Structures are given as C-alpha cells and as structure tokens.
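Have a look at the structure below, then the notes.
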Amino acid sequence: MAQDDPGVGKDQLLGFYREMYLIRRVEELAAKAYTLRKIRGFCHLYIGQEAVAVGAISALQPEDYVVTAYRDHGQILARGADPKAVMAELFGKKPGLSHGLGGSMHLASKELNFFGGYGIVGGHVPLAAGAAFAAKYRGEDRIALVFFGDGAAQQGAFFEALHLAQLWQLPVVFLCENNYYAMGTSLDRSSFVQELNRRGDGVGMENWQFQGFDVTEVYDNVKKAAAHARSGKGPVIVEAVTYRYRGHSMSDPAKYRSAEEVEQTKEQKDCLKLAEHHLKEEHGVTDEEIEAIRDEIKQIAQEAYDFAEQAEPADPAILYDYVYAE
Amino acid sequence: MAELQLREALRRAMTEEMRRDEDVFLMGEEVAYYDGAYKVSKGMLEEFGDTRVIDTPIAENGFIGVGIGAAMAGLRPIVEVMTWNFSLVAFDQIINNAAKIMQMTGGNYHVPMVLRGPVGAAENLASQHSQALESIYAHFPGLKVVSTATPKDAYGLLKTAIRDDDPVMFMESELAYGFKGEVPDEEYTIPLGKADLKRDGADVTLVTWNKQVMNCLQAAETLHSEHGIDAQVLDLRSLRPLDEEALYEAIGKTHRMVVVQEGFPFAGLAAEIAARVQEACFDALDAPILRVCNRDVPQPYATNLEQLVMPSQERIIEAARSVCSR
C-alpha cells in the first residue's frame, strides 16, 4: 500500500460487508429455489468466496472489464447488477439480465462492462486478454480483470492467454480463485505446482499469492495488481486462496472432502465473520448496527426472489432475436 | 477494371477497410513481417505498422480468443488462420464463444470478427492440411460462413464481412490465391447470403462454391460440347446465410440438381442443401438430387490417390448425365 493511502476505512468496510452479505443471501435463496426446482440446470454457488469478488471488483474502475467463469453470481452482484435481474435470470424469466437465454452460468451486462460468465473451464480467459488488447489498441485507460479457478489454471486456453498478455504487455489482472477443488479433484491431484500464481513464472509475469478470506486483504492486493496493469508495466497474475462451502454445483454432495475441513474453514476463515470482527474491534460498529444491515440486505434479497418468482416467463418471441446482430 | 489475383483482391478489401475504419486490424501467424504465408497481406505491415498488422505466436486457441474479446470490446479484428485446418485448435473459442456470446448474453455483447484463411485441398498436403470445413462451421447458429475463390466476389464479400457485426468465417483457397479475375475499380460490396449464377443453363443446376465453381464451369463446358446438356452453375458464395431462394428458383427452372461439395459427404452441406430443396420443391424435381463430394476417407498424399478422392470433372459429368438420363 502506498504511504499516502489511508487504507480501507469504516465506511468502505461496511460497504464491502453489505455486498458480501448480499451475495451470501442471494446464494442461499438461489439454493432454496434450486431445491424447489424453480432454478434449473447447473447452479454453482459462490458461498464462502464472497470476499474475493467483492474485494477484487471494488478495486476496479467502472470502465474496466470483468470476465469470469460459470460461478458468476457473486461477481456480477459485486459489480453492481440489480439482484432482481440476476435472480430473474436464474429463474429463466423475461426480466432476467439475458432475458432467460443465459441462465446461471452466463450472466452478463454491457452497462457494467461485465463480459459474462462462461461455462467452458478456462475458455473465457483469452477474452480478457482480448478486452485488454482493445484497451491498449485504443490507448484507453482501462484494464481487464479475469477470475478463474484452480481448475482453469490447468487448461490450455489459460496458458495461451497468459502468455499472449505478457508478450503484448496487455493490461490484465489474472486472478486465480484457488478453492482447492476443481469439481471433485483436489489441487494436489491436478497440479504439480501448488502455488498457482507461479504459473506466471514461465512467462516472466509478476505474480504473488494472498489469502482471500479477509476482504480488505483482497482489496489491497488487487488494487496493487490493477495499478501495475494500469501503469503499462504489463499484466499480473495473483492467486487468492479461498474455499467454497457448497459442492461444485447444487447436485454435488462433496464426498471428496471431509466435513471437518469445511466446518473448520467456516469457523475460522469466514469472510463475513472476519469483516464483522474488524468492524467491531477496529471501527466500533455495534452488534445492533450489523444486525440492521443484515435485516436490510435480507429484505433486498427476498425482494429479488419474490420478483423473480412472480416475473413473466421468458418470451418465446425472442427465440431468434439474439443469434445474429444483422 | 483491373485484373487481380484472388490474394490481391483480398488484400485490397482489407487495406481499404483498414483505411476506412481504425477499429479494423489484422492478426495472425506470419501476417506482418513474412507478408502472409500466402502473401495475402503483402505490404500491409508497411502501410499500417505493427500495431495494426500483428504477428502472433503459434497459439490459435489463444489469439482467436483474443480476437473475440477485442471484438466484444468494440474492435473489428480480422484474424487470419494459416489454414482452416488450424482453426480446429481453437474450435472451443469459435464454437463455444464466438458463435454463442450474443445469444447467451441476451444481446449484451456481439462479436464483429472475421476469421479468414484458405480451406480445402491444395495438392499433396495429406490428411491434416486438406480439409474443407464449411460444413462443420455452417452447422452452428451464430456463425456466418462465406467460401469463395473468385477475385471479384472475394473483394466484395470480404468488405461486407469486415463491416458485419457477427462472426464471419471467411474461407478462401490456397490453390486459387493466384487465380486472376476482373475486379471493378470502383468500391463495392456484395451482401452475404446471395448466390451468383456463374453460368446459365436449362437442363441441370450444378450447385457449388469456392474453387469447385471452376471445376463445375469446366464440367459444364464438357456437358454442353460432348453430351448436349445445358448445365447452369450456381455459386452459393455464402453457406450461412444460405440463399435458399436462389436454390428454389434454380430447381424450378432446371428440375434437376447436382450439389458439388469439396469435403466429406457424411452430414455435409450437400446433404443439407438437397434436403432443403426436396422439402420445399418436391414437385419441381424430375430426378433425385445427387451429391458429388470427396470420397469418405481422410485425404491421401499420393497424387493418383488424391485425385480419386476429390470431386472430379468425370464424377460431376457422370452425376449430371445421370439426373438428366443422358
């Protein structure tokens, strides 16, 4: 952190907390809707990883590009999407972000410079390099931030994008969310190198690892990475160590890991608990104030759920409308 | 009216579009300092510099993905593949990203990119370098597919493709790059999805595209001089969108049709065309629609074997005589 940077203060941390709790609540309601078969298809929940999306996206400017994979609910909410439009898309309804054409895995918003969620592991990473290429080509002051998991860090498209970004010195922040399980395959069974930031070593790219549980730590690290990319010094690859509480998707009972491992992480590293602790200990925020925020967010999430449930179904008239622009 | 080689006509189209629109750039293997593997981009580096004529490493999956991302951010990339065979390395980017991004983001993003290069057999290049892949790419909604080998058409169609807001797969021909043809001096464009009657005739329609047009024109000469059959040659030029009107008009006139398609017969475009014509115009048919395609084997290397595999004059003539019962 720069000397003159005051760091994350009370108001900003309260903002982070609100966003993380909104994601948590929306995801919990999404899980409920999925079990009631109101949300269909694949549904990959972000619970446990909220600090990464919120901390990272808060470190960006509005004109920066964000690209992510299929576990994308948290990212687009952190980018400021209307929870109602997000939930309506999960429900496959007309007012959804993509009119019900994309669903859970393909949330996108041009207005928010959010390229979207992509369902082929690693296949979205070159798109971020492309967005950054466009920014550099036009001499614009904007960068691309791409989220990907430990699974994508084994994929060819990722390696090629990483290399091209470095070769052409494109303003990209590659952010690996290492939650230690690529679906059910643990990192030690899928990667020889365990520190995934070190993927950058092979292409000579600046890289480091940090803990992704404390939102302030994520924010500070991504801010530093974004500043590097923005300064014209080329891309950066950073790894946020994190953990997902739920299975890979709603249909995954997660038998490949122990209940103790999950419980221990929830107990010791939960991003909401950590943020509450900082708010109370360092900023004098009271339990009542936190409770009030939680009530307010619960209300917002519930309104999104109710909105999606009552919204009109996707419109058959649009079936052919978005296949071709011309 | 100037006589230009196919490569010169393509170069003229790209050069004019790059002068007209700064968002247009050319990227691919050997396009800059080497002047293009087939000299299509000769001299373009000199005019536009290496920020707009960009050599890439051999990483199709990466740089085609970068092209897609840059297109989503508003640029108009022309991405050259040294041959369409190499595009298969980037099949995921083309099929799962380029073709689907507009639809799955509900119109938030679109992909105004041209992917271009030679398709089909040259001579003795064996199985991995000889494939005609129009059928594969035309299979996917979201992509447009142009395949052409005449300088006049290539110029007008490439200009349209560059200005088009959808991903256009633009397929040329290695063997035809040196073919010469008249190209009007004044600027013009040709719309996608419009077939061109390259030879008029009353007895049978030979439906084809790319360099098989030349094959069919020669076959039509022989059919006329030796068999008294008056064949017309319908050059589809673009396969998606497909000019179904022109096909139906042709069958209404000649009542007999042979589709000449370079590439494998199984589940290929020739079958699609035959199916559509018989569904729409069954009563107009005086004979079954026949197909002349590659033999259903990977391309062999030896000259005599390769000649056995390709659609030949003899096979086209035999098919035309068969449907005309002469």
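Labeling convention for the structure tokens: chains A, B, ... as they appear, residues from 1 per chain, ligands from 1 in order of appearance.
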Identify every residue of chain B that has at least one atom within 10 Å of any atom of chain A, counting only C-alpha atoms, and report the result as a short mmCIF file (atom, residue, chain, number, x, y, z; two decimals) with C-alpha atoms, in the first residue's frame.
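Just written: selection.cif:
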data_model
loop_
_atom_site.label_atom_id
_atom_site.label_comp_id
_atom_site.auth_asym_id
_atom_site.auth_seq_id
_atom_site.Cartn_x
_atom_site.Cartn_y
_atom_site.Cartn_z
CA GLU B 22 -9.30 2.43 -37.40
CA ASP B 23 -11.00 -0.31 -35.40
CA PHE B 25 -6.82 -4.67 -37.64
CA THR B 51 0.17 -2.13 -34.09
CA ARG B 52 -2.44 -2.95 -36.76
CA THR B 56 1.08 -13.91 -33.39
CA PRO B 57 2.83 -16.87 -31.87
CA ILE B 58 1.52 -20.29 -32.92
CA ALA B 59 -1.34 -20.28 -30.44
CA GLU B 60 -4.66 -20.35 -32.31
CA ASN B 61 -6.75 -21.04 -29.25
CA GLY B 62 -5.19 -18.02 -27.58
CA PHE B 63 -5.12 -15.46 -30.35
CA ILE B 64 -8.54 -16.31 -31.77
CA GLY B 65 -9.84 -15.92 -28.22
CA VAL B 66 -8.07 -12.56 -28.01
CA GLY B 67 -9.75 -11.59 -31.29
CA ILE B 68 -13.16 -12.48 -29.86
CA GLY B 69 -12.52 -10.47 -26.71
CA ALA B 70 -11.29 -7.49 -28.72
CA ALA B 71 -14.42 -7.71 -30.89
CA MET B 72 -16.62 -7.75 -27.78
CA ALA B 73 -14.83 -4.57 -26.70
CA GLY B 74 -15.75 -2.93 -30.00
CA LEU B 75 -12.83 -3.56 -32.35
CA ARG B 76 -13.22 -5.32 -35.71
CA PRO B 77 -10.48 -7.91 -35.85
CA ALA B 90 -9.40 -23.05 -31.50
CA ASP B 92 -13.77 -24.12 -28.46
CA GLN B 93 -13.22 -20.38 -28.89
CA ASN B 96 -18.45 -22.01 -27.56
CA ASN B 97 -17.57 -18.34 -27.51
CA ALA B 99 -20.99 -18.32 -32.00
CA LYS B 100 -22.82 -18.07 -28.69
CA ILE B 101 -21.82 -14.87 -26.95
CA MET B 102 -24.55 -12.73 -28.45
CA GLN B 103 -27.26 -15.21 -27.61
CA MET B 104 -26.14 -16.25 -24.15
CA THR B 105 -25.62 -12.65 -23.06
CA GLY B 106 -29.07 -11.76 -24.37
CA GLY B 107 -27.61 -9.28 -26.84
CA ASN B 108 -25.36 -7.54 -24.33
CA TYR B 109 -22.34 -8.37 -26.48
CA HIS B 110 -21.70 -9.33 -30.05
CA VAL B 111 -18.62 -10.44 -31.95
CA PRO B 112 -17.83 -8.46 -35.11
CA PRO B 141 -26.16 -20.93 -35.45
CA GLY B 142 -24.38 -17.70 -34.56
CA LEU B 143 -21.66 -18.10 -37.18
CA LYS B 144 -21.75 -16.88 -40.76
CA ASP B 164 -20.71 -7.22 -40.37
CA ASP B 165 -21.49 -7.28 -36.65
CA ASP B 166 -21.41 -11.08 -36.43
CA PRO B 167 -18.51 -13.54 -36.52
#
Using only C-alpha atoms, which protein or nucleic acid residues come within 8 Å of segment 118-128 of chain B? Drop anything in the same chain fewer than 6 positions from it, and give the result as a PyMOL selection string.
chain B and resi 81-85+171-175+262-263+298-303+306
Residues as selected, C-alpha atoms, written as an mmCIF file, in the first residue's frame, can you do that?
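Saved to out02.cif:
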data_model
loop_
_atom_site.group_PDB
_atom_site.id
_atom_site.type_symbol
_atom_site.label_atom_id
_atom_site.label_comp_id
_atom_site.auth_asym_id
_atom_site.auth_seq_id
_atom_site.Cartn_x
_atom_site.Cartn_y
_atom_site.Cartn_z
ATOM 1 C CA VAL B 81 -5.608 -18.680 -39.847
ATOM 2 C CA MET B 82 -2.787 -20.084 -41.932
ATOM 3 C CA THR B 83 -5.259 -22.750 -42.997
ATOM 4 C CA TRP B 84 -8.700 -23.564 -41.670
ATOM 5 C CA ASN B 85 -7.291 -26.887 -40.541
ATOM 6 C CA MET B 171 -12.908 -19.293 -46.417
ATOM 7 C CA GLU B 172 -10.556 -18.864 -49.315
ATOM 8 C CA SER B 173 -8.449 -21.283 -51.319
ATOM 9 C CA GLU B 174 -4.746 -21.959 -51.340
ATOM 10 C CA LEU B 175 -4.836 -23.129 -54.954
ATOM 11 C CA GLU B 262 -15.498 -30.354 -51.540
ATOM 12 C CA GLY B 263 -15.272 -32.101 -48.208
ATOM 13 C CA PRO B 298 -9.069 -38.779 -44.891
ATOM 14 C CA GLN B 299 -7.113 -37.131 -47.693
ATOM 15 C CA PRO B 300 -4.353 -39.394 -49.061
ATOM 16 C CA TYR B 301 -0.973 -37.974 -50.042
ATOM 17 C CA ALA B 302 -0.124 -39.659 -53.385
ATOM 18 C CA THR B 303 -1.251 -37.693 -56.422
ATOM 19 C CA GLU B 306 -5.742 -37.728 -54.060
#
Looking only at strand (DSSP E or B) from DSSP on the backbone, list the matching residues of segment 82-177 of chain B as a PDB file with C-alpha atoms, in the first residue's frame.
ATOM      1  CA  VAL B 114     -13.691 -12.059 -39.407  1.00  0.00           C
ATOM      2  CA  LEU B 115     -11.731 -15.282 -39.258  1.00  0.00           C
ATOM      3  CA  ARG B 116     -10.202 -15.940 -42.641  1.00  0.00           C
ATOM      4  CA  GLY B 117      -7.802 -18.203 -44.472  1.00  0.00           C
ATOM      5  CA  PRO B 118      -7.606 -20.975 -47.056  1.00  0.00           C
ATOM      6  CA  LYS B 144     -21.748 -16.879 -40.761  1.00  0.00           C
ATOM      7  CA  VAL B 145     -19.804 -18.820 -43.360  1.00  0.00           C
ATOM      8  CA  VAL B 146     -18.501 -17.454 -46.657  1.00  0.00           C
ATOM      9  CA  SER B 147     -16.479 -19.607 -49.044  1.00  0.00           C
ATOM     10  CA  VAL B 168     -17.872 -14.399 -40.168  1.00  0.00           C
ATOM     11  CA  MET B 169     -15.860 -17.479 -41.114  1.00  0.00           C
ATOM     12  CA  PHE B 170     -14.328 -16.418 -44.412  1.00  0.00           C
ATOM     13  CA  MET B 171     -12.908 -19.293 -46.417  1.00  0.00           C
ATOM     14  CA  GLU B 172     -10.556 -18.864 -49.315  1.00  0.00           C
TER      15      GLU B 172
END
Near-Lys198 of chain B list (8 Å; only C-alpha atoms; drop same-chain fewer than 4 positions) as an MDAnalysis selection string:
chainID B and resid 217 232:235
Atoms to include: N, CA and C atoms. Write the selected residues as a compact mmCIF listing (two decimals), in the first residue's frame.
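Result saved to again_16.txt:
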# COMPACT_ATOMS: atom_id res chain seq x y z
N LEU B 217 -17.65 -25.20 -63.80
CA LEU B 217 -17.75 -24.46 -65.07
C LEU B 217 -17.10 -25.26 -66.19
N GLN B 232 -26.37 -25.23 -65.71
CA GLN B 232 -26.07 -23.92 -65.12
C GLN B 232 -25.28 -24.13 -63.81
N VAL B 233 -24.47 -23.14 -63.48
CA VAL B 233 -23.63 -23.24 -62.29
C VAL B 233 -24.03 -22.15 -61.30
N LEU B 234 -24.55 -22.60 -60.17
CA LEU B 234 -24.97 -21.66 -59.13
C LEU B 234 -23.91 -21.62 -58.04
N ASP B 235 -23.24 -20.49 -57.91
CA ASP B 235 -22.20 -20.32 -56.89
C ASP B 235 -22.86 -19.74 -55.64
Pick out each residue of segment 21-212 of chain A that DSSP on the backbone tags as alpha helix (DSSP H); I need them as an MDAnalysis selection string.
chainID A and resid 21:35 50:58 73:78 83:90 125:137 156:167 187:190
With a distance cut-off of 10 Å and only C-alpha atoms, select the neighbouring residues of Lys253 of chain B, excluding the residue or stretch itself and same-chain residues fewer than 4 positions from it, and output the selection as a PyMOL selection string.
chain B and resi 201-205+247-249+284-285
Let me make sure I understand: among A:Met87, A:Ala69, A:Gln209, A:Ala226, which one has the smallest atom-to-atom distance to Ala152 of chain A if we use only C-alpha atoms?
A:Ala69
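Using only C-alpha atoms, the shortest contact distance between Ala311 of chain A and any of A:Glu276, A:Glu89, A:Asp252, A:Asp11 is found at A:Glu89.
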Name the residues in contact with Leu45 of chain A at a cut-off of 9 Å, using only C-alpha atoms, excluding same-chain residues fewer than 3 positions from it; report them as a ChimeraX atom specification.
/A:27-28,30-31,48,71-74,244-250
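Of the listed residues A:Ser104, A:Thr68, A:Gln155, A:Thr216, the one whose atoms come nearest to Leu175 of chain A is A:Thr68, with distances taken using only C-alpha atoms.
One distance worth recording is that between atom CA of Leu269 of chain B and atom CA of Ala132 of chain B, which is 10.8 Å.
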Counting only C-alpha atoms, what is within 7 Å of Asp270 of chain A, bar same-chain residues fewer than 4 positions away, as a PyMOL selection string?
chain A and resi 48+213+265-266+274
Which neighbours of Ala33 of chain A fall inside 12 Å, counting only C-alpha atoms, when residues of the same chain fewer than 4 positions from it are skipped, and could you give them as a ChimeraX atom specification?
/A:26-29,37-41,43,87-88,90-92,250,302,304-306,308-309
